[in-house]
file target-v3.pdb (PDB, C-alpha atoms, pLDDT in the B column)
ATOM      1  CA  ASP A 241     -12.912 -72.420 -28.098  1.00 53.00           C
ATOM      2  CA  ALA A 242     -11.094 -74.503 -25.539  1.00 57.00           C
ATOM      3  CA  LYS A 243     -13.105 -76.643 -23.184  1.00 88.00           C
ATOM      4  CA  THR A 244     -13.865 -75.562 -19.641  1.00 95.00           C
ATOM      5  CA  THR A 245     -15.113 -77.523 -16.657  1.00 96.00           C
ATOM      6  CA  GLN A 246     -17.313 -76.023 -13.968  1.00 97.00           C
ATOM      7  CA  PRO A 247     -19.257 -77.530 -11.073  1.00 97.00           C
ATOM      8  CA  PRO A 248     -22.944 -77.806 -11.994  1.00 97.00           C
ATOM      9  CA  SER A 249     -24.181 -75.987  -8.921  1.00 97.00           C
ATOM     10  CA  MET A 250     -23.124 -74.045  -5.842  1.00 98.00           C
ATOM     11  CA  ASP A 251     -24.867 -72.426  -2.914  1.00 97.00           C
ATOM     12  CA  CYS A 252     -23.829 -69.274  -1.117  1.00 97.00           C
ATOM     13  CA  ALA A 253     -25.202 -67.336   1.814  1.00 97.00           C
ATOM     14  CA  GLU A 254     -26.207 -63.760   1.138  1.00 97.00           C
ATOM     15  CA  GLY A 255     -23.491 -61.333   2.109  1.00 97.00           C
ATOM     16  CA  ARG A 256     -20.747 -63.905   1.862  1.00 97.00           C
ATOM     17  CA  ALA A 257     -18.228 -64.222  -0.929  1.00 97.00           C
ATOM     18  CA  ALA A 258     -19.120 -66.576  -3.756  1.00 98.00           C
ATOM     19  CA  ASN A 259     -16.120 -68.311  -5.282  1.00 98.00           C
ATOM     20  CA  LEU A 260     -16.849 -70.010  -8.576  1.00 98.00           C
ATOM     21  CA  PRO A 261     -14.106 -72.257  -9.961  1.00 98.00           C
ATOM     22  CA  CYS A 262     -13.332 -73.081 -13.568  1.00 97.00           C
ATOM     23  CA  ASN A 263     -10.824 -75.512 -15.016  1.00 97.00           C
ATOM     24  CA  HIS A 264      -9.362 -74.800 -18.440  1.00 95.00           C
ATOM     25  CA  SER A 265      -6.312 -77.024 -18.595  1.00 95.00           C
ATOM     26  CA  THR A 266      -6.052 -76.891 -22.403  1.00 93.00           C
ATOM     27  CA  ILE A 267      -6.104 -73.115 -22.658  1.00 93.00           C
ATOM     28  CA  SER A 268      -3.843 -71.684 -25.364  1.00 90.00           C
ATOM     29  CA  GLY A 269      -1.400 -68.862 -24.889  1.00 90.00           C
ATOM     30  CA  ASN A 270      -3.540 -66.341 -26.763  1.00 88.00           C
ATOM     31  CA  GLU A 271      -6.817 -67.249 -25.077  1.00 90.00           C
ATOM     32  CA  TYR A 272      -8.461 -65.121 -22.450  1.00 92.00           C
ATOM     33  CA  VAL A 273     -10.799 -66.259 -19.699  1.00 94.00           C
ATOM     34  CA  TYR A 274     -14.259 -64.672 -19.921  1.00 94.00           C
ATOM     35  CA  TRP A 275     -17.103 -64.905 -17.450  1.00 97.00           C
ATOM     36  CA  TYR A 276     -20.743 -64.301 -18.241  1.00 97.00           C
ATOM     37  CA  ARG A 277     -23.841 -64.951 -16.210  1.00 98.00           C
ATOM     38  CA  GLN A 278     -27.460 -65.561 -17.093  1.00 97.00           C
ATOM     39  CA  ILE A 279     -30.230 -64.723 -14.713  1.00 96.00           C
ATOM     40  CA  HIS A 280     -33.310 -66.836 -15.277  1.00 93.00           C
ATOM     41  CA  SER A 281     -35.210 -65.957 -18.468  1.00 91.00           C
ATOM     42  CA  GLN A 282     -32.820 -63.165 -19.387  1.00 95.00           C
ATOM     43  CA  GLY A 283     -29.976 -62.795 -21.850  1.00 96.00           C
ATOM     44  CA  PRO A 284     -26.419 -63.434 -20.654  1.00 96.00           C
ATOM     45  CA  GLN A 285     -24.480 -60.581 -19.078  1.00 96.00           C
ATOM     46  CA  TYR A 286     -20.755 -60.002 -19.364  1.00 94.00           C
ATOM     47  CA  ILE A 287     -18.943 -59.951 -16.031  1.00 97.00           C
ATOM     48  CA  ILE A 288     -15.194 -59.847 -16.493  1.00 96.00           C
ATOM     49  CA  HIS A 289     -12.292 -61.233 -18.494  1.00 94.00           C
ATOM     50  CA  GLY A 290      -8.536 -61.645 -18.104  1.00 94.00           C
ATOM     51  CA  LEU A 291      -5.418 -63.171 -19.608  1.00 94.00           C
ATOM     52  CA  LYS A 292      -3.050 -63.986 -16.771  1.00 92.00           C
ATOM     53  CA  ASN A 293      -3.184 -61.184 -14.256  1.00 86.00           C
ATOM     54  CA  ASN A 294      -5.902 -60.957 -11.673  1.00 94.00           C
ATOM     55  CA  GLU A 295      -8.655 -58.572 -12.636  1.00 97.00           C
ATOM     56  CA  THR A 296     -11.251 -56.657 -10.652  1.00 97.00           C
ATOM     57  CA  ASN A 297     -14.197 -54.518 -11.653  1.00 96.00           C
ATOM     58  CA  GLU A 298     -17.365 -53.274 -10.014  1.00 95.00           C
ATOM     59  CA  MET A 299     -19.030 -56.659 -10.364  1.00 95.00           C
ATOM     60  CA  ALA A 300     -16.393 -59.221  -9.479  1.00 98.00           C
ATOM     61  CA  SER A 301     -12.785 -60.298  -9.237  1.00 98.00           C
ATOM     62  CA  LEU A 302     -11.086 -62.859 -11.435  1.00 98.00           C
ATOM     63  CA  ILE A 303      -8.187 -64.878 -10.103  1.00 98.00           C
ATOM     64  CA  ILE A 304      -6.204 -66.845 -12.687  1.00 97.00           C
ATOM     65  CA  THR A 305      -3.606 -69.361 -11.564  1.00 97.00           C
ATOM     66  CA  GLU A 306      -0.024 -68.859 -12.638  1.00 95.00           C
ATOM     67  CA  ASP A 307      -0.150 -71.819 -15.022  1.00 96.00           C
ATOM     68  CA  ARG A 308      -3.481 -70.452 -16.363  1.00 96.00           C
ATOM     69  CA  LYS A 309      -5.090 -73.860 -16.146  1.00 96.00           C
ATOM     70  CA  SER A 310      -7.798 -72.705 -13.794  1.00 97.00           C
ATOM     71  CA  SER A 311      -9.478 -69.585 -12.540  1.00 97.00           C
ATOM     72  CA  THR A 312     -11.919 -68.430  -9.889  1.00 98.00           C
ATOM     73  CA  LEU A 313     -14.617 -65.816 -10.180  1.00 98.00           C
ATOM     74  CA  ILE A 314     -15.249 -64.064  -6.900  1.00 98.00           C
ATOM     75  CA  LEU A 315     -18.410 -62.178  -6.052  1.00 98.00           C
ATOM     76  CA  PRO A 316     -17.255 -60.464  -2.850  1.00 97.00           C
ATOM     77  CA  HIS A 317     -20.643 -59.928  -1.231  1.00 96.00           C
ATOM     78  CA  ALA A 318     -23.243 -62.074  -2.916  1.00 97.00           C
ATOM     79  CA  THR A 319     -26.850 -60.918  -2.949  1.00 97.00           C
ATOM     80  CA  LEU A 320     -30.049 -62.721  -3.902  1.00 97.00           C
ATOM     81  CA  ARG A 321     -29.885 -60.965  -7.266  1.00 96.00           C
ATOM     82  CA  ASP A 322     -26.644 -62.777  -8.026  1.00 98.00           C
ATOM     83  CA  THR A 323     -28.540 -66.059  -8.310  1.00 98.00           C
ATOM     84  CA  ALA A 324     -27.815 -67.084 -11.891  1.00 98.00           C
ATOM     85  CA  VAL A 325     -25.961 -69.520 -14.127  1.00 98.00           C
ATOM     86  CA  TYR A 326     -22.326 -68.484 -14.442  1.00 98.00           C
ATOM     87  CA  TYR A 327     -20.409 -69.405 -17.579  1.00 97.00           C
ATOM     88  CA  CYS A 328     -16.641 -69.572 -17.870  1.00 97.00           C
ATOM     89  CA  ILE A 329     -15.429 -69.353 -21.471  1.00 94.00           C
ATOM     90  CA  VAL A 330     -11.941 -69.241 -22.920  1.00 91.00           C
ATOM     91  CA  ARG A 331     -11.354 -67.633 -26.284  1.00 87.00           C
ATOM     92  CA  PRO A 332      -8.926 -65.400 -28.140  1.00 82.00           C
ATOM     93  CA  LEU A 333      -9.172 -61.646 -27.801  1.00 74.00           C
ATOM     94  CA  THR A 334      -9.519 -61.380 -31.561  1.00 71.00           C
ATOM     95  CA  GLY A 335     -10.467 -63.789 -34.274  1.00 64.00           C
ATOM     96  CA  GLY A 336     -12.774 -66.758 -34.001  1.00 57.00           C
ATOM     97  CA  GLY A 337     -15.538 -64.649 -35.482  1.00 61.00           C
ATOM     98  CA  ASN A 338     -16.304 -63.160 -32.072  1.00 68.00           C
ATOM     99  CA  LYS A 339     -18.813 -65.908 -31.370  1.00 77.00           C
ATOM    100  CA  LEU A 340     -19.130 -67.418 -27.920  1.00 85.00           C
ATOM    101  CA  THR A 341     -19.593 -71.098 -27.237  1.00 87.00           C
ATOM    102  CA  PHE A 342     -21.374 -71.734 -23.966  1.00 92.00           C
ATOM    103  CA  GLY A 343     -20.854 -74.777 -21.786  1.00 91.00           C
ATOM    104  CA  THR A 344     -23.219 -75.874 -19.052  1.00 92.00           C
ATOM    105  CA  GLY A 345     -22.029 -73.351 -16.472  1.00 96.00           C
ATOM    106  CA  THR A 346     -22.527 -73.273 -12.700  1.00 98.00           C
ATOM    107  CA  GLN A 347     -25.928 -72.579 -11.200  1.00 98.00           C
ATOM    108  CA  LEU A 348     -25.239 -70.308  -8.247  1.00 98.00           C
ATOM    109  CA  LYS A 349     -27.999 -70.059  -5.697  1.00 98.00           C
ATOM    110  CA  VAL A 350     -27.678 -67.287  -3.143  1.00 98.00           C
ATOM    111  CA  GLU A 351     -29.805 -67.842  -0.089  1.00 96.00           C
ATOM    112  CA  LEU A 352     -30.720 -65.895   3.016  1.00 93.00           C
TER     113      LEU A 352
ATOM    114  CA  GLY B 920     -22.730 -48.747 -22.562  1.00 70.00           C
ATOM    115  CA  ALA B 921     -23.683 -51.031 -25.410  1.00 82.00           C
ATOM    116  CA  VAL B 922     -27.343 -52.015 -25.446  1.00 91.00           C
ATOM    117  CA  VAL B 923     -28.998 -54.683 -27.556  1.00 95.00           C
ATOM    118  CA  SER B 924     -32.756 -54.666 -27.797  1.00 96.00           C
ATOM    119  CA  GLN B 925     -34.950 -57.564 -28.875  1.00 97.00           C
ATOM    120  CA  HIS B 926     -38.564 -57.491 -29.907  1.00 97.00           C
ATOM    121  CA  PRO B 927     -40.925 -59.078 -29.141  1.00 97.00           C
ATOM    122  CA  SER B 928     -39.952 -60.347 -25.718  1.00 97.00           C
ATOM    123  CA  TRP B 929     -42.482 -63.109 -26.036  1.00 97.00           C
ATOM    124  CA  VAL B 930     -44.749 -64.380 -28.777  1.00 97.00           C
ATOM    125  CA  ILE B 931     -47.322 -67.121 -29.146  1.00 97.00           C
ATOM    126  CA  CYS B 932     -48.229 -68.349 -32.598  1.00 96.00           C
ATOM    127  CA  LYS B 933     -50.110 -71.137 -34.273  1.00 97.00           C
ATOM    128  CA  SER B 934     -48.332 -74.036 -35.873  1.00 97.00           C
ATOM    129  CA  GLY B 935     -47.521 -73.356 -39.519  1.00 97.00           C
ATOM    130  CA  THR B 936     -47.216 -69.601 -39.206  1.00 97.00           C
ATOM    131  CA  SER B 937     -44.039 -67.537 -39.406  1.00 97.00           C
ATOM    132  CA  VAL B 938     -42.646 -65.352 -36.662  1.00 97.00           C
ATOM    133  CA  LYS B 939     -40.133 -62.534 -36.963  1.00 97.00           C
ATOM    134  CA  ILE B 940     -37.838 -61.491 -34.116  1.00 98.00           C
ATOM    135  CA  GLU B 941     -35.904 -58.228 -34.280  1.00 97.00           C
ATOM    136  CA  CYS B 942     -32.528 -57.507 -32.745  1.00 96.00           C
ATOM    137  CA  ARG B 943     -31.274 -53.932 -32.594  1.00 95.00           C
ATOM    138  CA  SER B 944     -28.038 -52.424 -31.388  1.00 93.00           C
ATOM    139  CA  LEU B 945     -29.262 -49.185 -29.834  1.00 92.00           C
ATOM    140  CA  ASP B 946     -26.145 -47.100 -29.371  1.00 87.00           C
ATOM    141  CA  PHE B 947     -23.568 -48.723 -31.565  1.00 87.00           C
ATOM    142  CA  GLN B 948     -23.173 -50.266 -34.976  1.00 88.00           C
ATOM    143  CA  ALA B 949     -22.753 -53.990 -35.325  1.00 86.00           C
ATOM    144  CA  THR B 950     -21.496 -55.536 -38.526  1.00 85.00           C
ATOM    145  CA  THR B 951     -21.956 -58.927 -36.925  1.00 88.00           C
ATOM    146  CA  MET B 952     -24.723 -60.229 -34.701  1.00 92.00           C
ATOM    147  CA  PHE B 953     -25.234 -63.698 -33.328  1.00 94.00           C
ATOM    148  CA  TRP B 954     -28.434 -65.677 -32.803  1.00 96.00           C
ATOM    149  CA  TYR B 955     -28.701 -68.265 -30.056  1.00 97.00           C
ATOM    150  CA  ARG B 956     -31.430 -70.678 -29.034  1.00 97.00           C
ATOM    151  CA  GLN B 957     -31.981 -72.027 -25.553  1.00 97.00           C
ATOM    152  CA  PHE B 958     -34.300 -74.851 -24.565  1.00 96.00           C
ATOM    153  CA  PRO B 959     -35.477 -75.207 -20.940  1.00 93.00           C
ATOM    154  CA  LYS B 960     -32.732 -76.212 -18.516  1.00 90.00           C
ATOM    155  CA  GLN B 961     -30.144 -76.234 -21.293  1.00 93.00           C
ATOM    156  CA  SER B 962     -27.303 -73.948 -22.257  1.00 94.00           C
ATOM    157  CA  LEU B 963     -27.294 -71.494 -25.131  1.00 95.00           C
ATOM    158  CA  MET B 964     -26.660 -72.966 -28.564  1.00 95.00           C
ATOM    159  CA  LEU B 965     -25.346 -70.763 -31.340  1.00 95.00           C
ATOM    160  CA  MET B 966     -27.609 -70.925 -34.374  1.00 96.00           C
ATOM    161  CA  ALA B 967     -26.022 -68.511 -36.796  1.00 95.00           C
ATOM    162  CA  THR B 968     -23.827 -65.513 -37.343  1.00 93.00           C
ATOM    163  CA  SER B 969     -25.570 -62.592 -38.975  1.00 90.00           C
ATOM    164  CA  ASN B 970     -23.386 -60.464 -41.233  1.00 87.00           C
ATOM    165  CA  GLU B 971     -24.457 -57.006 -42.375  1.00 87.00           C
ATOM    166  CA  GLY B 972     -24.869 -56.890 -46.126  1.00 85.00           C
ATOM    167  CA  SER B 973     -24.153 -60.552 -46.717  1.00 88.00           C
ATOM    168  CA  LYS B 974     -25.534 -63.987 -46.063  1.00 90.00           C
ATOM    169  CA  ALA B 975     -25.675 -65.389 -42.580  1.00 93.00           C
ATOM    170  CA  THR B 976     -23.416 -68.234 -41.539  1.00 93.00           C
ATOM    171  CA  TYR B 977     -25.340 -71.103 -39.992  1.00 96.00           C
ATOM    172  CA  GLU B 978     -24.046 -73.604 -37.486  1.00 95.00           C
ATOM    173  CA  GLN B 979     -24.142 -77.266 -38.345  1.00 95.00           C
ATOM    174  CA  GLY B 980     -27.595 -78.733 -38.022  1.00 95.00           C
ATOM    175  CA  VAL B 981     -29.459 -75.420 -38.241  1.00 96.00           C
ATOM    176  CA  GLU B 982     -31.787 -75.208 -41.243  1.00 95.00           C
ATOM    177  CA  LYS B 983     -31.145 -71.978 -43.090  1.00 94.00           C
ATOM    178  CA  ASP B 984     -34.444 -72.169 -44.946  1.00 95.00           C
ATOM    179  CA  LYS B 985     -36.363 -72.478 -41.717  1.00 96.00           C
ATOM    180  CA  PHE B 986     -34.517 -69.811 -39.765  1.00 97.00           C
ATOM    181  CA  LEU B 987     -34.196 -66.867 -42.101  1.00 96.00           C
ATOM    182  CA  ILE B 988     -31.756 -64.183 -41.015  1.00 95.00           C
ATOM    183  CA  ASN B 989     -31.581 -60.720 -42.502  1.00 92.00           C
ATOM    184  CA  HIS B 990     -29.018 -58.117 -41.470  1.00 90.00           C
ATOM    185  CA  ALA B 991     -29.931 -55.189 -43.686  1.00 84.00           C
ATOM    186  CA  SER B 992     -28.393 -52.424 -41.602  1.00 90.00           C
ATOM    187  CA  LEU B 993     -25.634 -51.936 -39.075  1.00 90.00           C
ATOM    188  CA  THR B 994     -28.138 -51.773 -36.239  1.00 92.00           C
ATOM    189  CA  LEU B 995     -30.766 -54.362 -37.121  1.00 94.00           C
ATOM    190  CA  SER B 996     -30.820 -58.108 -37.618  1.00 95.00           C
ATOM    191  CA  THR B 997     -33.994 -60.152 -37.897  1.00 96.00           C
ATOM    192  CA  LEU B 998     -34.653 -63.836 -37.364  1.00 97.00           C
ATOM    193  CA  THR B 999     -37.740 -65.296 -39.003  1.00 97.00           C
ATOM    194  CA  VAL B1000     -38.893 -68.712 -37.918  1.00 98.00           C
ATOM    195  CA  THR B1001     -40.806 -69.995 -40.920  1.00 97.00           C
ATOM    196  CA  SER B1002     -43.615 -72.529 -40.708  1.00 97.00           C
ATOM    197  CA  ALA B1003     -43.148 -72.776 -36.982  1.00 97.00           C
ATOM    198  CA  HIS B1004     -43.917 -76.014 -35.173  1.00 96.00           C
ATOM    199  CA  PRO B1005     -44.186 -76.787 -31.456  1.00 97.00           C
ATOM    200  CA  GLU B1006     -40.616 -78.117 -31.425  1.00 96.00           C
ATOM    201  CA  ASP B1007     -39.438 -74.620 -32.412  1.00 97.00           C
ATOM    202  CA  SER B1008     -40.739 -73.296 -29.103  1.00 97.00           C
ATOM    203  CA  SER B1009     -37.666 -71.917 -27.388  1.00 97.00           C
ATOM    204  CA  PHE B1010     -35.894 -68.861 -26.007  1.00 98.00           C
ATOM    205  CA  TYR B1011     -34.142 -66.988 -28.819  1.00 98.00           C
ATOM    206  CA  ILE B1012     -31.352 -64.588 -27.892  1.00 98.00           C
ATOM    207  CA  CYS B1013     -29.317 -62.273 -30.062  1.00 96.00           C
ATOM    208  CA  SER B1014     -25.992 -60.630 -29.329  1.00 94.00           C
ATOM    209  CA  ALA B1015     -23.590 -58.157 -30.846  1.00 91.00           C
ATOM    210  CA  SER B1016     -20.069 -56.953 -30.243  1.00 81.00           C
ATOM    211  CA  LEU B1017     -19.034 -53.374 -29.724  1.00 71.00           C
ATOM    212  CA  LEU B1018     -15.663 -54.342 -31.166  1.00 63.00           C
ATOM    213  CA  SER B1019     -13.916 -52.261 -28.534  1.00 61.00           C
ATOM    214  CA  GLY B1020     -10.985 -54.615 -28.598  1.00 62.00           C
ATOM    215  CA  ALA B1021     -12.135 -56.602 -25.608  1.00 66.00           C
ATOM    216  CA  ASN B1022     -14.126 -59.090 -27.694  1.00 76.00           C
ATOM    217  CA  VAL B1023     -17.105 -58.734 -25.361  1.00 85.00           C
ATOM    218  CA  LEU B1024     -20.596 -59.622 -26.551  1.00 89.00           C
ATOM    219  CA  THR B1025     -23.687 -57.751 -25.424  1.00 92.00           C
ATOM    220  CA  PHE B1026     -26.854 -59.817 -25.353  1.00 95.00           C
ATOM    221  CA  GLY B1027     -30.469 -58.923 -25.818  1.00 96.00           C
ATOM    222  CA  ALA B1028     -33.053 -59.863 -23.212  1.00 97.00           C
ATOM    223  CA  GLY B1029     -34.295 -62.725 -25.347  1.00 97.00           C
ATOM    224  CA  SER B1030     -37.533 -63.605 -27.094  1.00 98.00           C
ATOM    225  CA  ARG B1031     -39.627 -66.496 -25.877  1.00 97.00           C
ATOM    226  CA  LEU B1032     -41.473 -68.252 -28.674  1.00 97.00           C
ATOM    227  CA  THR B1033     -44.340 -70.616 -27.980  1.00 97.00           C
ATOM    228  CA  VAL B1034     -45.823 -72.459 -30.932  1.00 97.00           C
ATOM    229  CA  LEU B1035     -49.233 -73.996 -30.304  1.00 96.00           C
TER     230      LEU B1035
END

call {"tool": "encode", "arguments": {"input": "target-v3.pdb", "output": "structure tokens"}}
result
Amino acid sequence: DAKTTQPPSMDCAEGRAANLPCNHSTISGNEYVYWYRQIHSQGPQYIIHGLKNNETNEMASLIITEDRKSSTLILPHATLRDTAVYYCIVRPLTGGGNKLTFGTGTQLKVEL
Amino acid sequence: GAVVSQHPSWVICKSGTSVKIECRSLDFQATTMFWYRQFPKQSLMLMATSNEGSKATYEQGVEKDKFLINHASLTLSTLTVTSAHPEDSSFYICSASLLSGANVLTFGAGSRLTVL
């Protein structure tokens, strides 16, 4: 899996949008950008993934730059329950044995 | 949606004993499951890939004789920590893929092992 770079921590006020950046300058043409999060003492949870177009689901939006070297995960209205470590991972849609390699992620703290 | 269940959620054992952790895919079949380990304030580290009906594939540095993995059915994989020692105390997490084409992994809630 290609390497990603994320800020170690971010703070966000409850109700505001949380924008989590990720750099993946060495991403290959067949690699997608995946986001997972891990709430303290729980297993990771899938959030969203995309190739080059922006994606949106009930949890978040994913904005990928045109050159695909970076992306931003947007939680439109952060709540206290969104406090978690967010992992940005790039990997192919198929192949690679399906396994995920986690980096250090971004600790998002949502506060009142 | 895909659900992965782990049991037990936490376990305390004495040094030298063995502990078995179960990972079940509740509403789908998983030919492959993954076992991760996470120490406090660290990220998840992949330990091994569990393959139904065949031997597990271990990551470099993970002792296969210490961490026994059995994947006897399409819905169950087990991790046995043999002769556990305090340094094996960790958060163990399993995951499986629904293979829907999106290459998304579903994770269990994790099992916290404390070895006294």

call {"tool": "resolve_selection", "arguments": {"input": "target-v3.pdb", "expression": "the PyMOL selection byres ((chain A and resi 300) around 8)", "output": "PyMOL selection string"}}
result
chain A and resi 287-288+296-299+301-302+313-316

call {"tool": "interface_residues", "arguments": {"input": "target-v3.pdb", "of": "chain B", "to": "chain A", "cutoff": "8 Å", "atoms": "only C-alpha atoms", "output": "list in words"}}
result
Phe953, Gln961, Ser962, Leu963, Met964, Leu965, Thr968, Ile1012, Ser1016, Gly1020, Ala1021, Asn1022, Val1023, Leu1024, Thr1025, Phe1026, Gly1027, Ala1028 and Gly1029 of chain B

call {"tool": "write_last_selection", "arguments": {"input": "target-v3.pdb", "atoms": "C-alpha atoms", "output": "PDB file, in the coordinates of the input"}}
result
ATOM      1  CA  PHE B 953     -25.234 -63.698 -33.328  1.00 94.00           C
ATOM      2  CA  GLN B 961     -30.144 -76.234 -21.293  1.00 93.00           C
ATOM      3  CA  SER B 962     -27.303 -73.948 -22.257  1.00 94.00           C
ATOM      4  CA  LEU B 963     -27.294 -71.494 -25.131  1.00 95.00           C
ATOM      5  CA  MET B 964     -26.660 -72.966 -28.564  1.00 95.00           C
ATOM      6  CA  LEU B 965     -25.346 -70.763 -31.340  1.00 95.00           C
ATOM      7  CA  THR B 968     -23.827 -65.513 -37.343  1.00 93.00           C
ATOM      8  CA  ILE B1012     -31.352 -64.588 -27.892  1.00 98.00           C
ATOM      9  CA  SER B1016     -20.069 -56.953 -30.243  1.00 81.00           C
ATOM     10  CA  GLY B1020     -10.985 -54.615 -28.598  1.00 62.00           C
ATOM     11  CA  ALA B1021     -12.135 -56.602 -25.608  1.00 66.00           C
ATOM     12  CA  ASN B1022     -14.126 -59.090 -27.694  1.00 76.00           C
ATOM     13  CA  VAL B1023     -17.105 -58.734 -25.361  1.00 85.00           C
ATOM     14  CA  LEU B1024     -20.596 -59.622 -26.551  1.00 89.00           C
ATOM     15  CA  THR B1025     -23.687 -57.751 -25.424  1.00 92.00           C
ATOM     16  CA  PHE B1026     -26.854 -59.817 -25.353  1.00 95.00           C
ATOM     17  CA  GLY B1027     -30.469 -58.923 -25.818  1.00 96.00           C
ATOM     18  CA  ALA B1028     -33.053 -59.863 -23.212  1.00 97.00           C
ATOM     19  CA  GLY B1029     -34.295 -62.725 -25.347  1.00 97.00           C
TER      20      GLY B1029
END

call {"tool": "closest_residue", "arguments": {"input": "target-v3.pdb", "among": "A:Thr245, A:Val330, A:Asn270, A:Thr319", "to": "Ala258 in chain A", "atoms": "all atoms listed in the file"}}
result
A:Thr319

call {"tool": "resolve_selection", "arguments": {"input": "target-v3.pdb", "expression": "the PyMOL selection byres ((chain A and resi 324) around 9)", "output": "PDB file with C-alpha atoms, keeping the file's coordinate frame"}}
result
ATOM      1  CA  ARG A 277     -23.841 -64.951 -16.210  1.00 98.00           C
ATOM      2  CA  GLN A 278     -27.460 -65.561 -17.093  1.00 97.00           C
ATOM      3  CA  ILE A 279     -30.230 -64.723 -14.713  1.00 96.00           C
ATOM      4  CA  HIS A 280     -33.310 -66.836 -15.277  1.00 93.00           C
ATOM      5  CA  ARG A 321     -29.885 -60.965  -7.266  1.00 96.00           C
ATOM      6  CA  ASP A 322     -26.644 -62.777  -8.026  1.00 98.00           C
ATOM      7  CA  THR A 323     -28.540 -66.059  -8.310  1.00 98.00           C
ATOM      8  CA  VAL A 325     -25.961 -69.520 -14.127  1.00 98.00           C
ATOM      9  CA  TYR A 326     -22.326 -68.484 -14.442  1.00 98.00           C
ATOM     10  CA  THR A 346     -22.527 -73.273 -12.700  1.00 98.00           C
ATOM     11  CA  GLN A 347     -25.928 -72.579 -11.200  1.00 98.00           C
ATOM     12  CA  LEU A 348     -25.239 -70.308  -8.247  1.00 98.00           C
ATOM     13  CA  LYS A 349     -27.999 -70.059  -5.697  1.00 98.00           C
ATOM     14  CA  VAL A 350     -27.678 -67.287  -3.143  1.00 98.00           C
TER      15      VAL A 350
END

call {"tool": "atom_distance", "arguments": {"input": "target-v3.pdb", "atom1": "CA of Lys974 in chain B", "atom2": "CA of Pro959 in chain B"}}
result
29.3 Å

call {"tool": "build_atoms", "arguments": {"input": "target-v3.pdb", "residues": "range 312-316 of chain A", "atoms": "all heavy atoms", "output": "mmCIF file, in the coordinates of the input"}}
result
data_model
loop_
_atom_site.group_PDB
_atom_site.id
_atom_site.type_symbol
_atom_site.label_atom_id
_atom_site.label_comp_id
_atom_site.auth_asym_id
_atom_site.auth_seq_id
_atom_site.Cartn_x
_atom_site.Cartn_y
_atom_site.Cartn_z
ATOM 1 N N THR A 312 -10.820 -68.547 -10.843
ATOM 2 C CA THR A 312 -11.919 -68.430 -9.889
ATOM 3 C C THR A 312 -12.558 -67.058 -10.035
ATOM 4 O O THR A 312 -11.853 -66.039 -10.032
ATOM 5 C CB THR A 312 -11.431 -68.593 -8.436
ATOM 6 O OG1 THR A 312 -10.827 -69.872 -8.287
ATOM 7 C CG2 THR A 312 -12.603 -68.481 -7.464
ATOM 8 N N LEU A 313 -13.858 -67.064 -10.179
ATOM 9 C CA LEU A 313 -14.617 -65.816 -10.180
ATOM 10 C C LEU A 313 -15.096 -65.575 -8.762
ATOM 11 O O LEU A 313 -15.675 -66.465 -8.138
ATOM 12 C CB LEU A 313 -15.817 -65.908 -11.118
ATOM 13 C CG LEU A 313 -16.698 -64.663 -11.161
ATOM 14 C CD1 LEU A 313 -15.999 -63.558 -11.952
ATOM 15 C CD2 LEU A 313 -18.054 -64.968 -11.778
ATOM 16 N N ILE A 314 -14.858 -64.389 -8.273
ATOM 17 C CA ILE A 314 -15.249 -64.064 -6.900
ATOM 18 C C ILE A 314 -16.260 -62.931 -6.903
ATOM 19 O O ILE A 314 -15.998 -61.842 -7.436
ATOM 20 C CB ILE A 314 -14.019 -63.658 -6.049
ATOM 21 C CG1 ILE A 314 -12.989 -64.789 -6.019
ATOM 22 C CG2 ILE A 314 -14.452 -63.287 -4.631
ATOM 23 C CD1 ILE A 314 -11.691 -64.412 -5.347
ATOM 24 N N LEU A 315 -17.421 -63.215 -6.334
ATOM 25 C CA LEU A 315 -18.410 -62.178 -6.052
ATOM 26 C C LEU A 315 -18.237 -61.847 -4.573
ATOM 27 O O LEU A 315 -18.594 -62.659 -3.714
ATOM 28 C CB LEU A 315 -19.822 -62.671 -6.337
ATOM 29 C CG LEU A 315 -20.069 -63.280 -7.717
ATOM 30 C CD1 LEU A 315 -21.515 -63.760 -7.824
ATOM 31 C CD2 LEU A 315 -19.752 -62.284 -8.809
ATOM 32 N N PRO A 316 -17.692 -60.698 -4.233
ATOM 33 C CA PRO A 316 -17.255 -60.464 -2.850
ATOM 34 C C PRO A 316 -18.377 -60.456 -1.809
ATOM 35 O O PRO A 316 -18.169 -60.920 -0.692
ATOM 36 C CB PRO A 316 -16.565 -59.102 -2.929
ATOM 37 C CG PRO A 316 -17.073 -58.476 -4.174
ATOM 38 C CD PRO A 316 -17.390 -59.589 -5.119
#
